[in-house]
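Shown below: data_16.csv, with CSV, C-alpha atoms.
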chain,number,residue,atom,x,y,z
A,619,MET,CA,-33.0,-1.2,15.0
A,620,ASN,CA,-34.1,-4.5,13.4
A,621,LEU,CA,-32.1,-7.7,13.3
A,622,ALA,CA,-30.9,-7.3,9.7
A,623,ALA,CA,-29.6,-3.7,10.4
A,624,ALA,CA,-27.8,-4.9,13.6
A,625,THR,CA,-26.2,-7.8,11.7
A,626,ASN,CA,-25.0,-5.5,8.9
A,627,GLU,CA,-23.5,-3.0,11.5
A,628,SER,CA,-21.8,-5.9,13.3
A,629,LEU,CA,-20.3,-7.1,10.0
A,630,ALA,CA,-19.1,-3.6,9.1
A,631,GLN,CA,-17.4,-3.3,12.5
A,632,LEU,CA,-15.8,-6.8,12.0
A,633,SER,CA,-14.6,-5.7,8.6
A,634,ASN,CA,-13.0,-2.6,10.1
A,635,THR,CA,-11.3,-4.6,12.8
A,636,LEU,CA,-9.9,-7.1,10.3
A,637,ILE,CA,-8.6,-4.3,8.1
A,638,TYR,CA,-6.8,-2.8,11.0
A,639,SER,CA,-5.5,-6.2,12.1
A,640,ALA,CA,-4.2,-6.8,8.5
A,641,MET,CA,-2.4,-3.5,8.7
A,642,ALA,CA,-0.7,-4.6,12.0
A,643,VAL,CA,0.5,-7.8,10.4
A,644,TYR,CA,1.6,-6.0,7.2
A,645,THR,CA,3.7,-3.8,9.5
A,646,LEU,CA,5.4,-6.8,11.0
A,647,ALA,CA,6.0,-8.1,7.5
A,648,PHE,CA,7.5,-4.7,6.6
A,649,PHE,CA,10.0,-4.9,9.4
A,650,ALA,CA,10.9,-8.5,8.5
A,651,TYR,CA,11.5,-7.5,4.9
A,652,ILE,CA,13.8,-4.7,6.1
A,653,ALA,CA,15.7,-7.2,8.3
A,654,GLU,CA,16.1,-9.4,5.2
A,655,TRP,CA,17.7,-6.5,3.3
A,656,LEU,CA,19.8,-5.4,6.2
A,657,PHE,CA,21.3,-8.9,6.9
A,658,GLY,CA,21.7,-9.3,3.1
A,659,SER,CA,24.0,-6.3,3.1
A,660,ARG,CA,26.5,-8.3,5.1
A,661,SER,CA,26.9,-10.9,2.4
A,662,LYS,CA,29.8,-11.2,-0.1
A,663,VAL,CA,27.5,-10.0,-2.8
A,664,ALA,CA,27.6,-6.5,-1.4
A,665,ARG,CA,31.4,-6.5,-1.4
A,666,THR,CA,32.2,-7.8,-4.9
A,667,ALA,CA,31.0,-5.0,-7.3
A,668,ALA,CA,34.3,-3.2,-7.2
A,669,ALA,CA,36.0,-6.2,-8.8
A,670,LEU,CA,33.6,-5.8,-11.8
A,671,THR,CA,34.7,-2.3,-12.8
A,672,PRO,CA,36.9,-2.4,-15.9
A,673,GLY,CA,39.5,-0.2,-14.3
A,674,LYS,CA,40.0,-2.5,-11.4
A,675,GLN,CA,39.9,-5.6,-13.5
A,676,ALA,CA,43.1,-4.6,-15.2
A,677,LYS,CA,44.9,-4.4,-11.8
A,678,ALA,CA,43.5,-7.8,-10.7
A,679,PRO,CA,46.3,-10.4,-10.2
A,680,ALA,CA,46.9,-13.0,-12.8
A,681,VAL,CA,46.2,-16.6,-12.1
A,682,THR,CA,49.3,-18.9,-11.9
A,683,VAL,CA,48.9,-22.6,-12.6
A,684,ARG,CA,51.4,-25.4,-12.7
A,685,LYS,CA,51.6,-27.3,-16.0
A,686,ALA,CA,53.9,-30.2,-17.0
A,687,GLY,CA,56.4,-29.4,-14.3
A,688,GLY,CA,56.5,-25.7,-15.1
A,689,THR,CA,54.2,-22.8,-14.6
A,690,ALA,CA,51.8,-20.9,-16.9
A,691,VAL,CA,50.3,-17.5,-16.4
A,692,LEU,CA,46.7,-17.0,-17.3
A,693,GLU,CA,45.1,-13.6,-17.5
A,694,ARG,CA,42.1,-13.2,-15.2
A,695,PRO,CA,39.0,-13.5,-17.4
A,696,LYS,CA,37.1,-10.3,-18.1
A,697,VAL,CA,33.7,-10.0,-16.3
A,698,VAL,CA,31.0,-8.6,-18.5
A,699,VAL,CA,28.6,-6.4,-16.6
A,700,ARG,CA,26.6,-4.7,-19.4
A,701,SER,CA,23.6,-6.4,-21.0
A,702,ALA,CA,24.0,-6.8,-24.7
A,703,ALA,CA,21.0,-6.2,-27.0
A,704,GLY,CA,18.9,-9.3,-27.1
A,705,ALA,CA,21.0,-11.3,-24.7
A,706,ARG,CA,21.6,-11.4,-21.0
A,707,ASP,CA,25.2,-11.6,-19.9
A,708,VAL,CA,24.8,-10.4,-16.4
A,709,PRO,CA,23.7,-13.0,-13.8
A,710,ASP,CA,20.7,-12.3,-11.6
A,711,GLY,CA,21.3,-11.3,-8.1
A,712,PRO,CA,20.6,-13.7,-5.3
A,713,GLY,CA,17.7,-11.6,-3.9
A,714,ALA,CA,17.3,-9.3,-0.9
A,715,HIS,CA,18.9,-11.8,1.5
A,716,GLY,CA,22.1,-11.7,-0.6
A,717,GLY,CA,23.0,-15.3,0.2
A,718,ASP,CA,23.0,-14.6,3.9
A,719,GLU,CA,21.3,-17.4,5.9
A,720,GLN,CA,19.8,-15.2,8.5
A,721,GLY,CA,18.7,-12.7,5.9
A,722,ASP,CA,17.0,-15.6,4.1
A,723,LEU,CA,15.3,-16.6,7.3
A,724,TYR,CA,13.9,-13.1,7.8
A,725,GLY,CA,12.7,-13.1,4.2
A,726,ARG,CA,10.8,-16.4,4.7
A,727,ILE,CA,9.3,-15.0,7.9
A,728,ALA,CA,8.3,-11.8,6.0
A,729,VAL,CA,6.5,-13.9,3.3
A,730,SER,CA,4.7,-16.0,5.9
A,731,LEU,CA,3.5,-12.8,7.6
A,732,THR,CA,2.4,-11.4,4.2
A,733,VAL,CA,0.3,-14.5,3.6
A,734,LEU,CA,-1.3,-14.1,7.1
A,735,ALA,CA,-2.0,-10.4,6.5
A,736,PHE,CA,-3.4,-11.2,3.0
A,737,LEU,CA,-5.8,-13.8,4.5
A,738,VAL,CA,-6.9,-11.3,7.3
A,739,GLU,CA,-7.4,-8.5,4.8
A,740,PHE,CA,-9.3,-10.8,2.4
A,741,ALA,CA,-11.6,-11.7,5.3
A,742,GLY,CA,-12.1,-8.0,5.9
A,743,VAL,CA,-13.1,-7.4,2.3
A,744,VAL,CA,-15.6,-10.4,2.5
A,745,ALA,CA,-17.0,-9.0,5.8
A,746,ARG,CA,-17.5,-5.6,4.1
A,747,ALA,CA,-19.3,-7.3,1.2
A,748,ALA,CA,-21.5,-9.2,3.6
A,749,SER,CA,-22.4,-6.0,5.5
A,750,VAL,CA,-23.6,-4.2,2.4
A,751,ARG,CA,-24.9,-7.4,0.7
A,752,ARG,CA,-23.2,-6.6,-2.6
A,753,ALA,CA,-19.8,-6.5,-4.2
A,754,PRO,CA,-17.5,-4.4,-2.1
A,755,TRP,CA,-16.5,-2.0,-4.9
A,756,GLY,CA,-19.1,0.8,-4.5
A,757,ASN,CA,-16.7,3.6,-3.4
A,758,MET,CA,-13.0,4.4,-3.2
A,759,TYR,CA,-12.6,3.0,0.3
A,760,GLU,CA,-13.9,-0.4,-0.8
A,761,PHE,CA,-11.9,-0.2,-4.0
A,762,ASN,CA,-8.7,0.6,-2.1
A,763,ILE,CA,-9.0,-2.3,0.3
A,764,THR,CA,-9.8,-4.7,-2.5
A,765,PHE,CA,-7.0,-3.4,-4.7
A,766,SER,CA,-4.3,-3.9,-2.1
A,767,THR,CA,-5.6,-7.4,-1.4
A,768,VAL,CA,-5.4,-8.3,-5.0
A,769,ALA,CA,-2.0,-6.7,-5.4
A,770,VAL,CA,-0.6,-8.9,-2.6
A,771,GLY,CA,-2.4,-11.9,-4.1
A,772,VAL,CA,-0.6,-11.3,-7.4
A,773,TYR,CA,2.7,-11.1,-5.6
A,774,LEU,CA,2.1,-14.3,-3.7
A,775,ALA,CA,0.9,-16.1,-6.8
A,776,LEU,CA,4.2,-15.2,-8.5
A,777,LEU,CA,6.0,-16.6,-5.6
A,778,VAL,CA,4.0,-19.8,-5.8
A,779,LEU,CA,5.0,-20.0,-9.5
A,780,ARG,CA,8.6,-19.8,-8.4
A,781,LYS,CA,9.3,-16.4,-10.0
A,782,ASN,CA,12.2,-14.4,-8.7
A,783,VAL,CA,10.1,-11.6,-7.1
A,784,ARG,CA,10.7,-11.8,-3.4
A,785,TRP,CA,12.8,-8.6,-3.7
A,786,LEU,CA,9.5,-7.0,-4.6
A,787,GLY,CA,8.1,-7.7,-1.1
A,788,LEU,CA,9.4,-4.6,0.7
A,789,PHE,CA,8.3,-2.2,-2.1
A,790,LEU,CA,4.9,-3.9,-2.2
A,791,ILE,CA,4.2,-3.9,1.5
A,792,THR,CA,5.3,-0.3,1.8
A,793,THR,CA,2.7,0.9,-0.8
A,794,VAL,CA,0.0,-1.5,0.6
A,795,LEU,CA,0.4,0.1,4.1
A,796,LEU,CA,0.2,3.6,2.5
A,797,ASP,CA,-2.8,2.5,0.5
A,798,LEU,CA,-4.6,1.1,3.5
A,799,GLY,CA,-3.6,4.1,5.7
A,800,LEU,CA,-5.2,6.4,3.1
A,801,ALA,CA,-8.3,4.2,2.9
A,802,VAL,CA,-9.0,4.2,6.6
A,803,THR,CA,-8.2,7.9,7.2
A,804,VAL,CA,-9.2,9.9,4.2
A,805,LEU,CA,-11.3,7.6,2.0
A,806,TYR,CA,-13.3,5.7,4.6
A,807,THR,CA,-17.1,5.6,3.9
A,808,GLU,CA,-19.8,4.0,6.0
A,809,SER,CA,-21.4,0.9,4.6
A,810,ASP,CA,-24.2,2.0,2.3
A,811,GLN,CA,-26.1,0.8,-0.8
A,812,LEU,CA,-25.2,1.6,-4.3
A,813,VAL,CA,-26.4,4.4,-6.5
A,814,PRO,CA,-29.0,3.1,-9.0
A,815,ALA,CA,-26.5,3.1,-12.0
A,816,LEU,CA,-24.3,0.6,-10.2
A,817,HIS,CA,-27.1,-2.0,-9.7
A,818,SER,CA,-25.9,-4.4,-12.4
A,819,TYR,CA,-24.1,-7.7,-12.7
A,820,TRP,CA,-21.6,-5.7,-14.8
A,821,LEU,CA,-20.3,-4.4,-11.5
A,822,TYR,CA,-18.8,-7.8,-10.8
A,823,ILE,CA,-17.3,-8.1,-14.3
A,824,HIS,CA,-16.1,-4.6,-15.0
A,825,VAL,CA,-14.8,-3.5,-11.7
A,826,SER,CA,-13.2,-6.8,-10.7
A,827,THR,CA,-11.2,-6.8,-14.0
A,828,ALA,CA,-10.2,-3.2,-13.4
A,829,ILE,CA,-8.9,-4.0,-10.0
A,830,PHE,CA,-6.9,-7.0,-11.2
A,831,CYS,CA,-5.4,-5.0,-14.1
A,832,GLY,CA,-4.4,-2.2,-11.7
A,833,ALA,CA,-2.7,-4.7,-9.4
A,834,VAL,CA,-0.7,-6.3,-12.2
A,835,PHE,CA,0.1,-2.9,-13.8
A,836,TYR,CA,1.5,-2.0,-10.3
A,837,VAL,CA,3.8,-5.0,-10.3
A,838,GLY,CA,5.0,-4.1,-13.8
A,839,ALA,CA,5.6,-0.5,-12.8
A,840,VAL,CA,7.8,-1.4,-9.8
A,841,SER,CA,9.9,-3.9,-11.9
A,842,THR,CA,10.2,-1.2,-14.6
A,843,LEU,CA,11.4,1.3,-12.1
A,844,MET,CA,13.9,-1.2,-10.7
A,845,TYR,CA,15.1,-1.9,-14.2
A,846,LEU,CA,16.0,1.8,-14.8
A,847,PHE,CA,18.0,1.8,-11.6
A,848,LYS,CA,19.7,-1.5,-12.3
A,849,ASP,CA,20.5,-0.5,-15.9
A,850,SER,CA,22.1,2.7,-14.8
A,851,TYR,CA,24.1,0.8,-12.2
A,852,GLU,CA,25.3,-1.8,-14.8
A,853,ASN,CA,26.2,1.0,-17.2
A,854,LYS,CA,28.2,2.9,-14.6
A,855,LEU,CA,30.2,-0.3,-13.9
A,856,ALA,CA,30.8,-0.9,-17.6
A,857,THR,CA,32.2,2.6,-18.1
A,858,GLY,CA,34.6,2.3,-15.2
A,859,GLY,CA,32.6,4.2,-12.6
A,860,THR,CA,32.4,3.3,-9.0
A,861,PRO,CA,28.8,3.2,-7.6
A,862,GLY,CA,28.2,4.2,-4.0
A,863,ARG,CA,28.2,1.6,-1.2
A,864,PHE,CA,24.4,1.7,-0.7
A,865,ALA,CA,23.7,1.5,-4.4
A,866,THR,CA,26.1,-1.5,-4.7
A,867,SER,CA,24.5,-3.3,-1.7
A,868,VAL,CA,21.0,-2.9,-3.2
A,869,MET,CA,21.6,-3.3,-6.9
A,870,GLU,CA,23.8,-6.4,-6.7
A,871,ARG,CA,21.0,-8.3,-5.1
A,872,LEU,CA,18.4,-7.5,-7.7
A,873,PRO,CA,17.8,-9.5,-10.9
A,874,ALA,CA,19.9,-8.3,-13.9
A,875,SER,CA,18.4,-5.3,-15.9
A,876,ALA,CA,17.7,-7.6,-18.8
A,877,SER,CA,15.6,-9.9,-16.5
A,878,LEU,CA,13.7,-7.0,-15.0
A,879,ASP,CA,13.0,-5.5,-18.5
A,880,LYS,CA,11.8,-8.9,-19.7
A,881,PHE,CA,9.6,-9.5,-16.7
A,882,SER,CA,8.0,-6.0,-16.7
A,883,TYR,CA,7.3,-6.4,-20.5
A,884,ARG,CA,5.7,-9.8,-20.1
A,885,VAL,CA,3.6,-8.7,-17.1
A,886,ASN,CA,2.2,-5.6,-18.9
A,887,ALA,CA,1.7,-7.5,-22.2
A,888,ALA,CA,-0.1,-10.3,-20.4
A,889,VAL,CA,-2.7,-8.0,-18.7
A,890,PHE,CA,-3.2,-5.6,-21.6
A,891,PRO,CA,-5.9,-7.7,-23.3
A,892,LEU,CA,-7.8,-7.8,-20.0
A,893,TRP,CA,-7.6,-4.0,-19.7
A,894,THR,CA,-9.0,-3.8,-23.2
A,895,PHE,CA,-11.8,-6.1,-22.1
A,896,THR,CA,-12.3,-3.9,-19.0
A,897,ILE,CA,-13.0,-0.8,-21.2
A,898,ILE,CA,-15.3,-2.8,-23.5
A,899,ALA,CA,-17.2,-4.1,-20.5
A,900,GLY,CA,-17.5,-0.6,-19.1
A,901,ALA,CA,-18.9,0.6,-22.4
A,902,ILE,CA,-21.5,-2.1,-22.5
A,903,TRP,CA,-22.5,-1.3,-18.9
A,904,ALA,CA,-22.8,2.4,-19.8
A,905,GLY,CA,-25.1,1.4,-22.6
A,906,ASP,CA,-27.4,-0.4,-20.1
A,907,ALA,CA,-27.2,2.2,-17.4
A,908,TRP,CA,-27.2,5.5,-19.3
A,909,GLY,CA,-28.4,4.6,-22.8
A,910,ARG,CA,-25.1,5.3,-24.5
A,911,TYR,CA,-21.9,3.3,-24.8
A,912,TRP,CA,-19.4,6.1,-24.9
A,913,GLY,CA,-19.8,9.7,-23.9
A,914,TRP,CA,-16.2,10.9,-23.2
A,915,ASP,CA,-16.9,11.1,-19.4
A,916,PRO,CA,-13.6,11.9,-17.6
A,917,LYS,CA,-13.3,8.3,-16.3
A,918,GLU,CA,-14.0,6.9,-19.8
A,919,THR,CA,-11.5,9.4,-21.3
A,920,TRP,CA,-8.7,8.6,-19.0
A,921,SER,CA,-9.3,4.8,-19.3
A,922,PHE,CA,-8.9,5.3,-23.0
A,923,ILE,CA,-5.8,7.4,-22.5
A,924,THR,CA,-4.3,4.7,-20.3
A,925,TRP,CA,-5.1,2.1,-22.9
A,926,VAL,CA,-3.3,4.2,-25.6
A,927,ALA,CA,-0.3,4.7,-23.3
A,928,TYR,CA,0.1,1.0,-22.7
A,929,ALA,CA,-0.5,0.3,-26.4
A,930,CYS,CA,2.3,2.7,-27.3
A,931,TYR,CA,4.6,1.1,-24.7
A,932,LEU,CA,4.0,-2.4,-26.1
A,933,HIS,CA,4.5,-1.3,-29.6
A,934,ALA,CA,7.6,0.6,-28.7
A,935,ARG,CA,8.9,-2.4,-26.7
A,936,ALA,CA,8.5,-4.6,-29.7
A,937,THR,CA,10.3,-2.2,-32.0
A,938,ALA,CA,14.1,-2.6,-31.9
A,939,GLY,CA,14.9,1.1,-31.7
A,940,TRP,CA,12.7,1.6,-28.6
A,941,LYS,CA,13.8,-1.3,-26.4
A,942,GLY,CA,15.2,-0.5,-23.0
A,943,ARG,CA,15.0,2.8,-21.2
A,944,LYS,CA,12.9,4.7,-23.7
A,945,ALA,CA,10.2,2.0,-23.6
A,946,ALA,CA,10.5,1.9,-19.8
A,947,TYR,CA,9.7,5.6,-19.5
A,948,LEU,CA,6.6,5.0,-21.6
A,949,ALA,CA,5.5,2.2,-19.2
A,950,LEU,CA,5.8,4.5,-16.2
A,951,ILE,CA,3.9,7.2,-18.0
A,952,ALA,CA,1.2,4.6,-18.7
A,953,PHE,CA,1.0,3.6,-15.1
A,954,GLY,CA,0.9,7.2,-14.1
A,955,CYS,CA,-2.2,7.6,-16.3
A,956,TRP,CA,-3.8,4.6,-14.5
A,957,LEU,CA,-3.1,6.2,-11.1
A,958,PHE,CA,-4.6,9.5,-12.2
A,959,ASN,CA,-7.6,7.7,-13.7
A,960,TYR,CA,-8.3,6.3,-10.3
A,961,TYR,CA,-7.3,8.9,-7.7
A,962,GLY,CA,-7.3,12.1,-9.8
A,963,VAL,CA,-10.5,11.6,-11.7
A,964,ASN,CA,-12.4,10.2,-8.7
A,965,ILE,CA,-11.4,13.0,-6.3
A,966,PHE,CA,-10.9,16.1,-8.4
A,967,VAL,CA,-13.1,15.7,-11.6
A,968,SER,CA,-16.8,15.5,-11.7
A,969,GLY,CA,-18.7,13.2,-14.0
A,970,LYS,CA,-21.1,10.3,-14.2
A,971,HIS,CA,-18.6,8.2,-12.3
A,972,SER,CA,-18.5,10.6,-9.4
A,973,TYR,CA,-19.7,8.3,-6.6
A,974,ALA,CA,-16.4,7.9,-4.8
A,975,GLY,CA,-17.9,8.7,-1.4
A,976,VAL,CA,-15.0,10.9,-0.4
Using structure tokens, write down the structure from this file.
Amino acid sequence: MNLAAATNESLAQLSNTLIYSAMAVYTLAFFAYIAEWLFGSRSKVARTAAALTPGKQAKAPAVTVRKAGGTAVLERPKVVVRSAAGARDVPDGPGAHGGDEQGDLYGRIAVSLTVLAFLVEFAGVVARAASVRRAPWGNMYEFNITFSTVAVGVYLALLVLRKNVRWLGLFLITTVLLDLGLAVTVLYTESDQLVPALHSYWLYIHVSTAIFCGAVFYVGAVSTLMYLFKDSYENKLATGGTPGRFATSVMERLPASASLDKFSYRVNAAVFPLWTFTIIAGAIWAGDAWGRYWGWDPKETWSFITWVAYACYLHARATAGWKGRKAAYLALIAFGCWLFNYYGVNIFVSGKHSYAGV
């Protein structure tokens, strides 16, 4: 074995070690996020939702104040819990910590561990790239470890921008651990060179934008899913229902449904032009590699289906009659198309893009 081959093998082993190390740190972050939610359940936030139900508001005691030597009785003000169209009249929850100091401490520890795991995983991706002397996106294993790295990077960037997304941490780290577990067990592929069609600078442009778009679409999908749960919760309170104790503890700490709806829409709308560029860049690359820009290959077809689904969602979201839950369902369908485009097409469907290495 020559020196170059030995160096590449050593870098590949280093990459694997770093990926496993990142998984270990992500696991610690996972438990820290759980602790944040558990300690947050002890806060007053988890015990106030009952006072918001209309039926119990009527029984709430009136407020008695002294005025000019006498007394005046004031009715307890009504608490609005349902978001009106075009306005937000429900305050955002305090976050997973629920205002509990110890819960907030665990949350900050979880974020610190997430940053550490992100740096370790990023180093693992770089080591993989160095071992193969190319962009580390030649097969599904490499795509998976890069995708999870970018997804965590998007989350941390939103935190740096002071967005109220720390509640997303537990959901994100759970899926990242599942993604990496799938990568190292089922999708793992030894370091190797690319098939001839992938030897192009378009690999850096097309695949990198596809990974980034998928990471942002994931953040939008999670916030959309949480919006549906929070909207149902607010609606149940507004109609006099009494949500369960667990639902109350979780939902009261999330942002208001209107905030979640607005956030998911803005995230999806912001990245949609880049997804359009991704498809165009792929078509140009196909023209260089295969002599035709579009051939309705399964990957091309499902990329287009995903584009249409998100275009329908954005159009529906901008139309008054389709705001809210109907548009949210379209957003989840669109993300489902993206998932199938990656996992389903790569694993189960044959085509010119069939070099997943599984």
Practice task
Grab the atom CA of A:Asp849 to atom CA of A:Ser875 distance for me, in Å with one decimal place.
Solution key: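 Going from atom CA of A:Asp849 over to atom CA of A:Ser875, I get 5.2 Å.
Between A:Tyr724 and the candidates A:Asp906, A:Glu852, A:Glu918, A:Glu654, the tightest atom-to-atom separation, counting all atoms listed in the file, involves A:Glu654.
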Practice task
Point out the residue among A:Thr842, A:Ser867, A:Thr793, A:Thr625 with the least atom-to-atom distance to A:Gly713, counting only C-alpha atoms.
Solution key: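 Checking each of A:Thr842, A:Ser867, A:Thr793, A:Thr625 against A:Gly713, counting only C-alpha atoms, the winner is A:Ser867.
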Practice task
Do a neighbour search on A:Ser639 at 12 Å with only C-alpha atoms, toss out local chain neighbours closer than 6 positions, and write the hits as a ChimeraX atom specification.
Solution key: /A:632-633,645-646,734-742,795,798
Practice task
Could you check which of A:Val743, A:Ile652, A:Pro709, A:Leu805 is closest to A:Thr635, using all atoms listed in the file?
Solution key: A:Val743
Problem - Atom pair atom CA of A:Ala876 / atom CA of A:Leu790: separation (Å) - result: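 Between atom CA of A:Ala876 and atom CA of A:Leu790 the gap is 21.3 Å.
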Practice task
Could you check how far atom CA of A:Asp710 sits from atom CA of A:Gly658, in Å to one decimal?
Solution key: 15.0 Å
For A:Leu821, find every residue with an atom within 9 Å (counting all atoms listed in the file), except residues of its own chain fewer than 3 positions away, and show them as a CSV table (one decimal) with C-alpha atoms, keeping the file's coordinate frame.
chain,number,residue,atom,x,y,z
A,753,ALA,CA,-19.8,-6.5,-4.2
A,755,TRP,CA,-16.5,-2.0,-4.9
A,756,GLY,CA,-19.1,0.8,-4.5
A,816,LEU,CA,-24.3,0.6,-10.2
A,817,HIS,CA,-27.1,-2.0,-9.7
A,818,SER,CA,-25.9,-4.4,-12.4
A,824,HIS,CA,-16.1,-4.6,-15.0
A,825,VAL,CA,-14.8,-3.5,-11.7
A,826,SER,CA,-13.2,-6.8,-10.7
A,900,GLY,CA,-17.5,-0.6,-19.1
A,903,TRP,CA,-22.5,-1.3,-18.9
Exercise for the section: Could you tell me which of A:Trp785, A:Tyr638, A:Trp820, A:Phe835 comes closest to A:Val768 if we count all atoms listed in the file? Expected result: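 The shortest atom-to-atom distance to A:Val768 comes from A:Phe835.
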Practice task
May I ask which of the residues A:Phe789, A:Phe761, A:Phe953, A:Trp655 is the closest one to A:Ala714, counting all atoms listed in the file?
Solution key: A:Trp655
Handout entry: Answer as a PyMOL selection string, residues within 7 Å of (5.6, -4.6, -15.8) using only C-alpha atoms
Key = chain A and resi 835+837-839+841-842+881-886
Problem - Near-stretch 895-898 of chain A list (12 Å; only C-alpha atoms; drop same-chain fewer than 4 positions) as number ranges by chain - result: A: 820-832, 889-891, 902-905, 911-912, 917-926
Long-range neighbours of A:Ala934 as a compact mmCIF listing (two decimals) with C-alpha atoms, in the coordinates of the input, 12 Å cut-off, all atoms listed in the file, 5 positions minimum in chain:
# COMPACT_ATOMS: atom_id res chain seq x y z
CA TYR A 883 7.30 -6.40 -20.50
CA ALA A 887 1.70 -7.50 -22.20
CA VAL A 926 -3.30 4.20 -25.60
CA ALA A 927 -0.30 4.70 -23.30
CA TYR A 928 0.10 1.00 -22.70
CA ALA A 929 -0.50 0.30 -26.40
CA GLY A 939 14.90 1.10 -31.70
CA TRP A 940 12.70 1.60 -28.60
CA LYS A 941 13.80 -1.30 -26.40
CA GLY A 942 15.20 -0.50 -23.00
CA ARG A 943 15.00 2.80 -21.20
CA LYS A 944 12.90 4.70 -23.70
CA ALA A 945 10.20 2.00 -23.60
CA ALA A 946 10.50 1.90 -19.80
CA TYR A 947 9.70 5.60 -19.50
CA LEU A 948 6.60 5.00 -21.60
CA ALA A 949 5.50 2.20 -19.20
Exercise for the section: Go through A:Ala728, A:Ala833, A:Leu872, A:Val750 and flag the residue nearest A:Ala647, using all atoms listed in the file for the distances. Expected result: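 Among the listed residues, the smallest separation from A:Ala647 belongs to A:Ala728.
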Problem - Nearby residues (only C-alpha atoms) at most 10 Å from A:Asp797, same-chain spacing under 5 positions excluded, as JSON, numbers by chain - result: {"A": [759, 762, 763, 765, 766, 791, 792, 802]}
Please reconstruct the missing atoms of stretch 915-920 of chain A (target: all heavy atoms) and return them as a CSV table (one decimal), in the coordinates of the input.
chain,number,residue,atom,x,y,z
A,915,ASP,N,-17.0,10.8,-20.9
A,915,ASP,CA,-16.9,11.1,-19.4
A,915,ASP,C,-15.5,11.1,-19.0
A,915,ASP,O,-14.6,10.3,-19.6
A,915,ASP,CB,-17.7,10.0,-18.7
A,915,ASP,CG,-17.8,10.3,-17.2
A,915,ASP,OD1,-18.5,11.2,-16.8
A,915,ASP,OD2,-17.0,9.6,-16.5
A,916,PRO,N,-15.1,11.9,-18.0
A,916,PRO,CA,-13.6,11.9,-17.6
A,916,PRO,C,-13.1,10.5,-17.3
A,916,PRO,O,-11.9,10.2,-17.7
A,916,PRO,CB,-13.7,12.8,-16.3
A,916,PRO,CG,-14.8,13.7,-16.6
A,916,PRO,CD,-15.8,12.9,-17.3
A,917,LYS,N,-13.8,9.7,-16.6
A,917,LYS,CA,-13.3,8.3,-16.3
A,917,LYS,C,-13.1,7.5,-17.6
A,917,LYS,O,-12.1,6.8,-17.8
A,917,LYS,CB,-14.3,7.6,-15.4
A,917,LYS,CG,-13.9,6.2,-15.1
A,917,LYS,CD,-12.7,6.1,-14.2
A,917,LYS,CE,-13.0,6.5,-12.8
A,917,LYS,NZ,-11.9,6.2,-11.9
A,918,GLU,N,-14.1,7.6,-18.5
A,918,GLU,CA,-14.0,6.9,-19.8
A,918,GLU,C,-12.8,7.5,-20.6
A,918,GLU,O,-12.0,6.7,-21.2
A,918,GLU,CB,-15.3,7.1,-20.6
A,918,GLU,CG,-16.5,6.5,-19.9
A,918,GLU,CD,-17.8,6.9,-20.6
A,918,GLU,OE1,-17.8,7.8,-21.4
A,918,GLU,OE2,-18.8,6.3,-20.3
A,919,THR,N,-12.6,8.8,-20.6
A,919,THR,CA,-11.5,9.4,-21.3
A,919,THR,C,-10.2,8.9,-20.8
A,919,THR,O,-9.3,8.5,-21.6
A,919,THR,CB,-11.6,10.9,-21.3
A,919,THR,OG1,-12.9,11.3,-21.8
A,919,THR,CG2,-10.5,11.6,-22.1
A,920,TRP,N,-10.0,8.9,-19.5
A,920,TRP,CA,-8.7,8.6,-19.0
A,920,TRP,C,-8.4,7.1,-19.0
A,920,TRP,O,-7.3,6.6,-19.1
A,920,TRP,CB,-8.5,9.1,-17.5
A,920,TRP,CG,-8.1,10.5,-17.5
A,920,TRP,CD1,-8.8,11.6,-17.5
A,920,TRP,CD2,-6.7,11.0,-17.7
A,920,TRP,NE1,-8.1,12.8,-17.6
A,920,TRP,CE2,-6.7,12.4,-17.7
A,920,TRP,CE3,-5.5,10.3,-17.8
A,920,TRP,CZ2,-5.6,13.1,-17.8
A,920,TRP,CZ3,-4.3,11.1,-17.9
A,920,TRP,CH2,-4.4,12.5,-17.9
